[in-house]
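The block underneath contains the structure these notes are about, expressed in structure tokens.
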Amino acid sequence: MAAVRLLLRVIAAVGLAIDAGVHAKLAPQYDAVTVHVSQGTLFRIEAGVAALAVLLVLLWRRPLGDLFALLTAAGGLAALLVYRYVDVGTLGPFPNMYEPVWFTDKVWAVVGQVLALVALVPLLAIPVRRPRPRVE
């Protein structure tokens, strides 16, 4: 079971790293899309949060870190799909991020987020077995 958990962690980390890389790469292109907070800034935040999730999944290896990673991937995917298909408009300080097209980097972001989710859901569902203390 330990090997399965390790494989799921690596898959989740790869997916989150793809998400972080795509958002970091695209951030400068979206700096001009702004109200008070630019879309580029939001992309940098997503990249940073996804990078933190990679570290938590690989190094901390606790259910709370895995849940953080799952919520990061799910939230990023939800935002991407909403802004792909729905013209939400501006929301408070956030710009209108509606972009009704698919392009390579957007597809890679989806692939990374889905890959992370596919690994994190079973990782959180598999019970963690802690060794029992030896009684002598």
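Within each chain, counting starts at residue 1; across the structure tokens, chains are named A, B, ... in the order shown, with ligands numbered 1 upward in that order.
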
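Once region 22-26 of chain A and its same-chain neighbours fewer than 3 positions away are set aside, Leu16, Ala17, Ile18, Asp19, Gln29, Tyr30, Asp31, Gln39, Gly40, Thr41, Leu42, Phe43, Arg44, Ile45, Glu46, Ala47, Gly48, Ala50, Thr104, Asp105, Lys106, Val107, Trp108, Ala109, Val110 and Gly112 of chain A remain within 10 Å of it when counting only C-alpha atoms.
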
Review point. Quick one: residues within 12 Å of Gly89 (chain A), only C-alpha atoms counted, chain neighbours fewer than 6 positions away excluded, as a list in words?
Key: Thr34, Val35, Val82, Tyr83, Pro95, Asn96, Met97, Tyr98 and Glu99 of chain A

Practice item. List every residue of region 3-135 of chain A that DSSP, applied to the backbone of this structure, places in helix (DSSP H, G or I), and write the result as a ChimeraX atom specification. Key: /A:3-30,39-60,63-85,104-125

Review point. What's the 9 Å shell around Val4 (chain A), counting only C-alpha atoms, without same-chain residues fewer than 4 positions away, as an NGL selection string?
Key: :A and (8-9 or 123)

Review point. Counting only C-alpha atoms, which of A:Pro127, A:Gly65, A:Pro28, A:Gly76 gets nearest to Leu52 (chain A)?
Key: A:Gly65

Exercise for review: May I ask which of the residues A:Leu70, A:Ala32, A:Ala78, A:Val88 is the closest one to Leu117 (chain A), counting only C-alpha atoms?
Suggested key: A:Leu70

Review point. Expressed in Å to a single decimal, how great is the separation between CA of Ala74 (chain A) and CA of Trp102 (chain A)?
Key: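 Computing the Euclidean distance for CA of Ala74 (chain A) and CA of Trp102 (chain A) yields 18.7 Å.
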
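Separating CA of Ala69 (chain A) from CA of Leu124 (chain A) is a distance of 10.6 Å.
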
Review point. A:Leu59, A:Ile11, A:Leu81, A:Ala51: which is nearest Leu115 (chain A), counting only C-alpha atoms?
Key: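 Using only C-alpha atoms, the shortest distance to Leu115 (chain A) belongs to A:Ile11.
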